[in-house]
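Chemist: Pasting protein15.csv below, which is CSV, C-alpha atoms and all ligand atoms.
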chain,number,residue,atom,x,y,z
A,95,MET,CA,8.6,93.0,-43.5
A,96,SER,CA,9.0,91.3,-40.2
A,97,ILE,CA,10.3,94.0,-37.9
A,98,THR,CA,8.3,95.5,-35.0
A,99,THR,CA,9.3,98.9,-33.8
A,100,LEU,CA,9.0,100.0,-30.2
A,101,GLY,CA,6.2,102.3,-31.1
A,102,GLN,CA,4.2,99.5,-32.9
A,103,PHE,CA,4.9,97.1,-30.0
A,104,ILE,CA,3.6,99.6,-27.4
A,105,ILE,CA,0.4,100.1,-29.3
A,106,GLU,CA,-0.1,96.4,-29.8
A,107,LYS,CA,0.5,95.7,-26.1
A,108,GLN,CA,-2.0,98.4,-25.0
A,109,GLN,CA,-4.7,95.8,-25.7
A,110,ASP,CA,-3.3,93.8,-22.7
A,111,PHE,CA,-4.9,96.5,-20.6
A,112,PRO,CA,-8.5,96.7,-21.6
A,113,PHE,CA,-9.2,100.0,-19.8
A,114,ALA,CA,-6.0,101.7,-20.9
A,115,LYS,CA,-6.6,105.1,-22.4
A,116,GLY,CA,-3.2,105.3,-24.1
A,117,GLU,CA,-1.5,107.5,-21.4
A,118,LEU,CA,1.1,104.9,-20.4
A,119,SER,CA,1.7,104.1,-24.1
A,120,ARG,CA,2.4,107.8,-24.7
A,121,LEU,CA,4.6,107.9,-21.7
A,122,LEU,CA,6.6,104.9,-22.9
A,123,ARG,CA,6.9,106.6,-26.3
A,124,ASP,CA,8.3,109.7,-24.7
A,125,ILE,CA,10.9,107.6,-22.8
A,126,GLY,CA,11.9,106.0,-26.1
A,127,ILE,CA,12.4,109.5,-27.6
A,128,ALA,CA,14.6,110.6,-24.6
A,129,ALA,CA,16.6,107.3,-25.0
A,130,LYS,CA,17.3,108.0,-28.7
A,131,ILE,CA,18.5,111.5,-27.9
A,132,ILE,CA,20.8,110.4,-25.1
A,133,SER,CA,22.1,107.6,-27.3
A,134,ARG,CA,23.0,110.2,-29.9
A,135,GLU,CA,24.8,112.3,-27.3
A,136,VAL,CA,26.6,109.2,-25.8
A,137,ASN,CA,27.8,108.2,-29.3
A,138,LYS,CA,29.3,111.6,-30.1
A,139,ALA,CA,30.6,112.2,-26.6
A,140,GLY,CA,34.2,111.6,-27.6
A,141,LEU,CA,33.9,113.9,-30.6
A,142,THR,CA,32.4,117.0,-29.0
A,143,GLN,CA,34.4,117.5,-25.8
A,144,ILE,CA,31.4,116.6,-23.6
A,145,LEU,CA,33.5,113.9,-22.0
A,146,GLY,CA,34.8,114.6,-18.5
A,147,GLU,CA,33.8,116.1,-15.3
A,148,TYR,CA,31.2,118.8,-15.3
A,149,GLY,CA,32.9,120.5,-12.4
A,150,SER,CA,30.1,120.0,-10.0
A,151,VAL,CA,29.4,117.3,-7.4
A,152,ASN,CA,26.0,115.5,-7.3
A,153,VAL,CA,23.9,114.8,-4.3
A,154,GLN,CA,25.6,111.5,-3.7
A,155,GLY,CA,28.9,113.4,-3.4
A,156,GLU,CA,30.2,112.1,-6.7
A,157,ASP,CA,31.6,114.0,-9.6
A,158,VAL,CA,29.1,114.8,-12.2
A,159,LYS,CA,30.0,114.3,-15.9
A,160,LYS,CA,28.4,116.3,-18.6
A,161,LEU,CA,26.4,113.4,-19.9
A,162,ASP,CA,24.7,113.0,-16.6
A,163,ILE,CA,23.3,116.5,-16.9
A,164,ILE,CA,22.4,116.0,-20.6
A,165,GLY,CA,20.6,112.8,-19.8
A,166,ASN,CA,18.8,114.3,-16.9
A,167,GLU,CA,17.7,117.4,-18.8
A,168,THR,CA,16.6,115.3,-21.8
A,169,PHE,CA,14.4,113.1,-19.7
A,170,ILE,CA,12.8,116.0,-17.9
A,171,TRP,CA,12.2,117.8,-21.2
A,172,ALA,CA,10.6,114.7,-22.9
A,173,LEU,CA,8.3,113.9,-19.9
A,174,GLU,CA,7.3,117.6,-19.4
A,175,LYS,CA,6.4,117.9,-23.1
A,176,GLY,CA,4.6,114.6,-23.0
A,177,GLY,CA,2.3,115.7,-20.2
A,178,GLU,CA,1.6,112.2,-18.7
A,179,VAL,CA,3.9,112.7,-15.7
A,180,CYS,CA,3.2,115.1,-12.8
A,181,ILE,CA,6.4,114.6,-10.8
A,182,MET,CA,9.8,113.0,-11.1
A,183,ALA,CA,12.8,112.1,-9.1
A,184,SER,CA,16.3,111.8,-10.4
A,185,GLU,CA,19.6,110.6,-9.0
A,186,GLU,CA,20.9,113.9,-10.1
A,187,ASN,CA,18.5,116.1,-8.1
A,188,ASP,CA,18.3,116.4,-4.3
A,189,ASP,CA,14.6,116.9,-4.3
A,190,VAL,CA,11.6,115.8,-6.4
A,191,ILE,CA,11.1,117.6,-9.7
A,192,HIS,CA,7.6,119.1,-10.3
A,193,LEU,CA,6.9,119.0,-14.1
A,194,ASN,CA,5.5,122.3,-15.5
A,195,GLY,CA,4.2,121.2,-18.8
A,196,GLU,CA,0.8,122.5,-19.9
A,197,TYR,CA,-0.8,119.1,-19.0
A,198,SER,CA,1.7,117.9,-16.3
A,199,LYS,CA,-0.5,118.7,-13.3
A,200,LYS,CA,-3.2,116.4,-14.6
A,201,GLY,CA,-0.6,113.7,-15.5
A,202,LYS,CA,-1.4,110.3,-13.8
A,203,TYR,CA,2.2,109.0,-13.6
A,204,VAL,CA,5.4,109.4,-11.6
A,205,VAL,CA,8.8,108.6,-13.0
A,206,CYS,CA,12.2,107.9,-11.3
A,207,ILE,CA,15.4,108.0,-13.3
A,208,ASP,CA,19.1,107.3,-13.1
A,209,PRO,CA,19.8,109.3,-16.3
A,210,LEU,CA,23.4,108.0,-16.7
A,211,ASP,CA,24.4,104.9,-14.9
A,212,GLY,CA,28.1,103.9,-14.9
A,213,SER,CA,29.3,107.4,-15.4
A,214,SER,CA,32.9,106.5,-14.4
A,215,ASN,CA,33.0,104.5,-17.6
A,216,ILE,CA,32.1,107.4,-19.9
A,217,ASP,CA,35.6,108.7,-20.4
A,218,VAL,CA,36.9,105.2,-21.3
A,219,ASN,CA,34.4,104.2,-23.9
A,220,VAL,CA,32.8,101.4,-21.9
A,221,SER,CA,29.1,100.6,-21.8
A,222,ILE,CA,26.8,102.9,-19.7
A,223,GLY,CA,23.1,103.1,-19.3
A,224,THR,CA,19.9,104.8,-18.3
A,225,ILE,CA,17.4,103.4,-15.8
A,226,PHE,CA,13.7,104.4,-15.4
A,227,SER,CA,10.7,103.4,-13.5
A,228,VAL,CA,7.0,104.4,-13.6
A,229,TYR,CA,4.4,104.5,-10.9
A,230,ARG,CA,0.8,105.6,-10.8
A,231,ARG,CA,0.4,108.8,-8.7
A,232,ILE,CA,-1.3,108.5,-5.4
A,233,SER,CA,-2.6,112.1,-5.1
A,234,GLU,CA,-5.6,113.2,-7.2
A,235,PRO,CA,-4.7,114.3,-10.7
A,236,GLY,CA,-5.1,118.0,-11.0
A,237,THR,CA,-3.8,118.7,-7.5
A,238,ASP,CA,-0.1,119.3,-6.6
A,239,ALA,CA,1.9,116.1,-6.5
A,240,ASP,CA,4.5,115.6,-3.8
A,241,VAL,CA,7.2,113.4,-2.5
A,242,ASN,CA,4.7,110.8,-1.3
A,243,ASP,CA,3.7,110.1,-4.9
A,244,VAL,CA,7.3,109.2,-5.5
A,245,LEU,CA,8.0,107.1,-2.4
A,246,GLN,CA,6.3,103.9,-3.4
A,247,ALA,CA,7.5,100.4,-3.0
A,248,GLY,CA,8.6,98.4,-6.0
A,249,ASN,CA,5.5,96.2,-5.8
A,250,LYS,CA,3.5,99.2,-6.9
A,251,LEU,CA,5.5,99.7,-10.2
A,252,VAL,CA,3.6,100.1,-13.4
A,253,ALA,CA,6.6,99.8,-15.7
A,254,ALA,CA,10.4,99.9,-15.6
A,255,GLY,CA,13.3,99.5,-17.9
A,256,TYR,CA,16.8,100.5,-18.9
A,257,VAL,CA,18.7,101.6,-21.9
A,258,VAL,CA,22.2,100.2,-22.4
A,259,TYR,CA,24.6,102.1,-24.7
A,260,GLY,CA,26.9,99.3,-25.7
A,261,THR,CA,28.1,97.9,-29.0
A,262,SER,CA,24.6,98.8,-30.0
A,263,THR,CA,21.9,100.8,-28.0
A,264,MET,CA,19.2,98.6,-26.5
A,265,LEU,CA,16.1,99.4,-24.6
A,266,VAL,CA,14.7,96.7,-22.3
A,267,TYR,CA,11.4,97.2,-20.5
A,268,SER,CA,8.5,95.6,-18.7
A,269,THR,CA,5.0,96.6,-17.9
A,270,GLY,CA,4.6,93.6,-15.6
A,271,LYS,CA,3.9,91.1,-18.4
A,272,GLY,CA,7.4,89.8,-19.1
A,273,VAL,CA,10.4,91.6,-20.4
A,274,ASN,CA,11.1,92.7,-24.0
A,275,GLY,CA,14.3,94.1,-25.6
A,276,PHE,CA,14.7,96.4,-28.5
A,277,THR,CA,17.8,97.3,-30.5
A,278,LEU,CA,18.2,100.7,-32.0
A,279,ASP,CA,18.6,100.5,-35.7
A,280,PRO,CA,20.5,103.8,-36.4
A,281,SER,CA,19.7,103.6,-40.1
A,282,ILE,CA,16.0,104.1,-39.5
A,283,GLY,CA,16.3,105.7,-36.0
A,284,GLU,CA,13.9,103.2,-34.5
A,285,PHE,CA,14.2,100.7,-31.6
A,286,CYS,CA,13.3,97.3,-33.2
A,287,LEU,CA,12.1,94.3,-31.2
A,288,SER,CA,15.1,92.0,-31.0
A,289,HIS,CA,14.7,90.1,-27.8
A,290,PRO,CA,11.1,89.2,-27.3
A,291,ASP,CA,10.0,87.8,-23.9
A,292,ILE,CA,13.4,87.5,-22.2
A,293,LYS,CA,13.7,84.8,-19.7
A,294,THR,CA,16.8,84.7,-17.6
A,295,PRO,CA,18.5,81.3,-17.1
A,296,GLU,CA,17.8,79.8,-13.7
A,297,ASP,CA,21.5,79.1,-13.4
A,298,GLY,CA,24.7,80.7,-14.6
A,299,LYS,CA,28.4,80.8,-13.9
A,300,VAL,CA,29.1,84.5,-13.7
A,301,TYR,CA,29.3,86.4,-10.5
A,302,SER,CA,29.5,90.2,-10.5
A,303,ILE,CA,30.7,92.0,-7.4
A,304,ASN,CA,33.4,94.6,-6.7
A,305,GLU,CA,35.8,92.2,-5.0
A,306,GLY,CA,38.1,95.1,-4.3
A,307,ASN,CA,35.9,95.7,-1.2
A,308,ALA,CA,36.4,92.1,-0.1
A,309,GLY,CA,38.0,93.1,3.2
A,310,GLU,CA,34.8,94.9,4.1
A,311,PHE,CA,32.2,92.3,3.2
A,312,PRO,CA,29.9,90.5,5.7
A,313,GLN,CA,31.1,87.1,6.6
A,314,GLY,CA,28.4,85.3,4.5
A,315,ILE,CA,29.6,87.0,1.3
A,316,THR,CA,33.2,86.3,2.1
A,317,GLU,CA,32.3,82.6,2.4
A,318,TYR,CA,30.2,82.6,-0.7
A,319,LEU,CA,33.1,84.1,-2.6
A,320,LYS,CA,35.3,81.2,-1.4
A,321,TRP,CA,32.7,78.8,-2.6
A,322,VAL,CA,32.4,80.2,-6.1
A,323,LYS,CA,36.2,79.7,-6.6
A,324,GLU,CA,36.2,76.0,-5.6
A,325,SER,CA,36.3,73.4,-8.4
A,326,ASP,CA,33.2,71.3,-8.9
A,327,LYS,CA,32.1,70.1,-12.3
A,328,ALA,CA,28.5,69.4,-11.2
A,329,THR,CA,27.9,73.0,-10.3
A,330,SER,CA,30.1,74.6,-13.1
A,331,ARG,CA,32.6,76.0,-10.5
A,332,PRO,CA,34.8,77.9,-10.4
A,333,TYR,CA,32.5,80.6,-11.6
A,334,SER,CA,33.8,83.5,-13.8
A,335,ALA,CA,34.1,87.0,-12.3
A,336,ARG,CA,32.7,89.8,-14.6
A,337,TYR,CA,32.3,93.3,-13.2
A,338,ILE,CA,32.0,96.3,-15.6
A,339,GLY,CA,31.1,98.9,-13.0
A,340,SER,CA,28.1,99.9,-14.9
A,341,MET,CA,25.2,98.2,-13.2
A,342,VAL,CA,23.1,98.3,-16.3
A,343,ALA,CA,25.7,96.6,-18.4
A,344,ASP,CA,26.5,94.0,-15.7
A,345,PHE,CA,22.8,93.3,-15.3
A,346,HIS,CA,22.1,93.1,-19.0
A,347,ARG,CA,24.8,90.5,-19.5
A,348,ASN,CA,23.6,88.4,-16.6
A,349,LEU,CA,20.0,88.7,-17.7
A,350,LEU,CA,20.8,87.2,-21.1
A,351,LYS,CA,23.5,84.7,-20.1
A,352,GLY,CA,22.7,83.9,-16.4
A,353,GLY,CA,24.6,85.2,-13.4
A,354,VAL,CA,24.3,87.0,-10.1
A,355,PHE,CA,25.0,90.7,-9.4
A,356,ILE,CA,25.8,91.6,-5.8
A,357,TYR,CA,26.3,94.9,-4.1
A,358,PRO,CA,26.5,93.9,-0.5
A,359,PRO,CA,26.7,96.1,2.6
A,360,THR,CA,30.3,97.1,3.4
A,361,ALA,CA,32.0,98.5,6.5
A,362,LYS,CA,32.1,101.9,4.8
A,363,ALA,CA,28.6,101.7,3.2
A,364,PRO,CA,26.4,99.6,5.6
A,365,ASN,CA,23.4,99.8,3.2
A,366,GLY,CA,25.6,99.2,0.1
A,367,LYS,CA,26.0,101.8,-2.6
A,368,LEU,CA,23.1,101.4,-5.0
A,369,ARG,CA,20.0,103.5,-4.7
A,370,LEU,CA,16.7,101.9,-4.0
A,371,MET,CA,14.5,104.2,-6.1
A,372,PHE,CA,16.8,104.8,-9.1
A,373,GLU,CA,18.7,101.5,-9.5
A,374,CYS,CA,17.5,98.6,-7.3
A,375,ILE,CA,13.8,98.7,-7.7
A,376,PRO,CA,13.6,99.0,-11.5
A,377,MET,CA,16.3,96.4,-12.0
A,378,SER,CA,14.7,94.0,-9.5
A,379,PHE,CA,11.3,94.4,-11.3
A,380,LEU,CA,13.0,93.3,-14.5
A,381,ALA,CA,14.9,90.5,-12.9
A,382,GLU,CA,11.7,89.1,-11.4
A,383,GLN,CA,9.7,89.6,-14.6
A,384,ALA,CA,12.4,87.6,-16.5
A,385,GLY,CA,12.1,84.7,-13.9
A,386,GLY,CA,15.0,85.7,-11.7
A,387,LEU,CA,15.1,87.0,-8.1
A,388,SER,CA,16.2,90.1,-6.2
A,389,ASN,CA,16.7,90.5,-2.5
A,390,THR,CA,18.5,92.8,-0.1
A,391,GLY,CA,19.7,89.8,1.9
A,392,SER,CA,16.8,90.1,4.3
A,393,GLN,CA,13.8,90.9,2.1
A,394,ARG,CA,12.5,91.1,-1.5
A,395,VAL,CA,13.8,94.4,-2.9
A,396,LEU,CA,10.3,95.1,-4.3
A,397,ASP,CA,8.8,95.0,-0.8
A,398,VAL,CA,11.1,97.6,0.7
A,399,GLU,CA,9.0,100.6,1.8
A,400,PRO,CA,11.0,103.6,0.7
A,401,THR,CA,11.4,106.5,3.2
A,402,GLU,CA,13.8,108.7,1.3
A,403,ILE,CA,14.3,109.2,-2.4
A,404,HIS,CA,18.1,108.8,-2.2
A,405,GLN,CA,18.0,105.8,0.1
A,406,ARG,CA,20.4,102.9,-0.6
A,407,VAL,CA,20.0,99.2,-0.1
A,408,PRO,CA,22.2,96.1,-0.5
A,409,VAL,CA,21.2,94.0,-3.4
A,410,VAL,CA,21.6,90.4,-4.7
A,411,MET,CA,19.9,89.8,-8.0
A,412,GLY,CA,19.9,87.6,-11.1
A,413,SER,CA,19.4,84.0,-11.9
A,414,LYS,CA,17.0,82.3,-9.4
A,415,ASN,CA,19.2,79.5,-8.2
A,416,MET,CA,22.3,81.7,-7.9
A,417,VAL,CA,20.5,84.3,-5.8
A,418,GLU,CA,19.1,81.6,-3.6
A,419,LYS,CA,22.6,80.3,-3.0
A,420,VAL,CA,23.9,83.7,-2.0
A,421,LEU,CA,21.0,84.2,0.4
A,422,GLU,CA,21.8,80.9,2.0
A,423,TYR,CA,25.3,82.1,2.8
A,424,MET,CA,24.0,85.5,4.0
A,425,LYS,CA,21.7,84.0,6.6
B,501,LIG,P1,26.2,105.9,-11.3
B,501,LIG,O1,27.1,106.1,-12.4
B,501,LIG,O2,24.7,106.2,-11.7
B,501,LIG,O3,26.5,106.7,-10.1
B,501,LIG,O4,26.1,104.4,-10.8
B,501,LIG,C1,27.3,103.7,-10.6
B,501,LIG,C2,26.9,102.5,-9.8
B,501,LIG,C3,26.6,101.3,-10.7
B,501,LIG,O5,26.4,101.5,-12.0
B,501,LIG,C4,27.8,100.3,-10.5
B,501,LIG,O6,27.4,99.0,-10.5
B,501,LIG,C5,28.3,100.7,-9.2
B,501,LIG,O7,28.0,102.1,-9.0
B,501,LIG,C6,29.8,100.6,-9.1
B,501,LIG,O8,30.2,100.9,-7.9
B,501,LIG,P2,31.7,100.4,-7.3
B,501,LIG,O9,32.7,101.3,-8.1
B,501,LIG,O10,31.7,100.8,-5.9
B,501,LIG,O11,31.9,99.0,-7.6
B,502,MN,MN,23.6,104.4,-11.3
B,503,MN,MN,23.8,107.9,-12.5
Can the structure from this file be put into structure tokens for me?
Modeler:
Amino acid sequence: MSITTLGQFIIEKQQDFPFAKGELSRLLRDIGIAAKIISREVNKAGLTQILGEYGSVNVQGEDVKKLDIIGNETFIWALEKGGEVCIMASEENDDVIHLNGEYSKKGKYVVCIDPLDGSSNIDVNVSIGTIFSVYRRISEPGTDADVNDVLQAGNKLVAAGYVVYGTSTMLVYSTGKGVNGFTLDPSIGEFCLSHPDIKTPEDGKVYSINEGNAGEFPQGITEYLKWVKESDKATSRPYSARYIGSMVADFHRNLLKGGVFIYPPTAKAPNGKLRLMFECIPMSFLAEQAGGLSNTGSQRVLDVEPTEIHQRVPVVMGSKNMVEKVLEYMK
């Protein structure tokens, strides 16, 4: 048989890190387990009345859907049980989450999650996702971890990835040695390697931005958007607009096909909408690992020093040449 499961792949790759003791491998396995459970819940959402608003408002001031809560609890459960993680931060929680598993205090790792990305698409059966990132803790294992263990720049990442719940469920991740994608085979309940060593095209003809906000964009973006609509065979223009409203799904399409994803500053949201720790850092890491770029407009996203777990930053990410073009306009 020629399939490679996620579990087999993680163990094989452990050899890339000669001093690895298997802790990160176990952590990645736990993330895979959480992903399968969330995938099951997402798939039956329409059947079991878990669609819809949960009735509460999250820390970002947005309505929380039940699946956000399920995703959050599932991740916390899996990582607490696994014991490799001492502290977490989630888009759904105001503060950091101290894990209380038997071994958590000794855990060497820190995890940030957006348990359910694209929640406005849940009710309408459109692709959604989960985003995760992994750091090594700064504090001594065995002591109490705190928010400083979480507030690390993206250039310190150990691993990051996402799960996209689409026509099939896929898990895409990187430990800093390229990007690999796995498709969930529901018949055996395993993620199987389907997209080894993903390289994103250097060029593309898709731009993804919420153009409904056009009246609020900085001038550079407005001019770029004029440029993408001009006809020019040599540069494949006009480009195509594609915007799902689930960052994970928009990113995934652009990663495979080429494209640029932009969430610029707007008059209403001067730092854009997307969260540095939960969305921008992990996706930027994957973009770069696949040969693409990611920038805030003034600096590499992975070099932003976070000061607050729910901090937002503008982002331009995707195919190398396309990002560079946007940055030229933003100058
Ligand atoms: P979340 O569902 O985790 O709150 O994230 C939604 C994000 C992101 O997935 C998407 O790209 C963006 O919000 C869409 O925002 P706009 O509706 O402002 O375009
Ligand atoms: Mn999100
Ligand atoms: Mn979310």
Chemist: Using only C-alpha atoms, which residues sit within 8 Å of segment 305-312 of chain A once same-chain residues fewer than 2 positions away are excluded, as a PyMOL selection string?
Modeler: chain A and resi 303+314-316+358-362+424
Chemist: Pick out the residues sitting within 9 Å of Ser221 of chain A, and hand them over as an NGL selection string; count all atoms listed in the file, and ignore anything fewer than 6 positions along from it in its own chain.
Modeler: :A and (212 or 215 or 258-261 or 338 or 340 or 342-343)
Chemist: Taking 5 positions as the minimum chain separation for residues in the same chain, which residues sit within 7 Å of segment 191-202 of chain A when counting all atoms listed in the file? Answer as a list of chain:residue names.
Modeler: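 The residues satisfying every condition are A:Glu174, A:Lys175, A:Gly177, A:Glu178, A:Val179, A:Cys180, A:Ile181, A:Met182, A:Ala183, A:Arg230, A:Arg231, A:Pro235, A:Gly236, A:Thr237, A:Asp238.
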Chemist: Write a file of the selected residues as a PDB file, keeping the file's coordinate frame, keeping C-alpha atoms.
Modeler:
ATOM      1  CA  GLU A 174       7.300 117.600 -19.400  1.00  0.00           C
ATOM      2  CA  LYS A 175       6.400 117.900 -23.100  1.00  0.00           C
ATOM      3  CA  GLY A 177       2.300 115.700 -20.200  1.00  0.00           C
ATOM      4  CA  GLU A 178       1.600 112.200 -18.700  1.00  0.00           C
ATOM      5  CA  VAL A 179       3.900 112.700 -15.700  1.00  0.00           C
ATOM      6  CA  CYS A 180       3.200 115.100 -12.800  1.00  0.00           C
ATOM      7  CA  ILE A 181       6.400 114.600 -10.800  1.00  0.00           C
ATOM      8  CA  MET A 182       9.800 113.000 -11.100  1.00  0.00           C
ATOM      9  CA  ALA A 183      12.800 112.100  -9.100  1.00  0.00           C
ATOM     10  CA  ARG A 230       0.800 105.600 -10.800  1.00  0.00           C
ATOM     11  CA  ARG A 231       0.400 108.800  -8.700  1.00  0.00           C
ATOM     12  CA  PRO A 235      -4.700 114.300 -10.700  1.00  0.00           C
ATOM     13  CA  GLY A 236      -5.100 118.000 -11.000  1.00  0.00           C
ATOM     14  CA  THR A 237      -3.800 118.700  -7.500  1.00  0.00           C
ATOM     15  CA  ASP A 238      -0.100 119.300  -6.600  1.00  0.00           C
TER      16      ASP A 238
END
Chemist: Residues contacting ligand MN 503 (chain B) - anything with an atom at most 6 Å away, using all atoms listed in the file - can you give me those as a ChimeraX atom specification?
Modeler: /A:208-211
Chemist: Could you write out that same residue set with C-alpha atoms as a PDB file, in the coordinates of the input?
Modeler:
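Dumped everything to selection.pdb:
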ATOM      1  CA  ASP A 208      19.100 107.300 -13.100  1.00  0.00           C
ATOM      2  CA  PRO A 209      19.800 109.300 -16.300  1.00  0.00           C
ATOM      3  CA  LEU A 210      23.400 108.000 -16.700  1.00  0.00           C
ATOM      4  CA  ASP A 211      24.400 104.900 -14.900  1.00  0.00           C
TER       5      ASP A 211
END
Chemist: Please measure the separation of atom CA of Ser213 of chain A and atom MN of ligand MN 502 (chain B), giving the value in Å to one decimal.
Modeler: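 Here the two named atoms are 7.6 Å from each other.
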Chemist: Using only C-alpha atoms, pick whichever of A:Lys299, A:Arg394, A:Ile225, A:Ala335 has the shortest atom-to-atom distance to Asn415 of chain A.
Modeler: A:Lys299
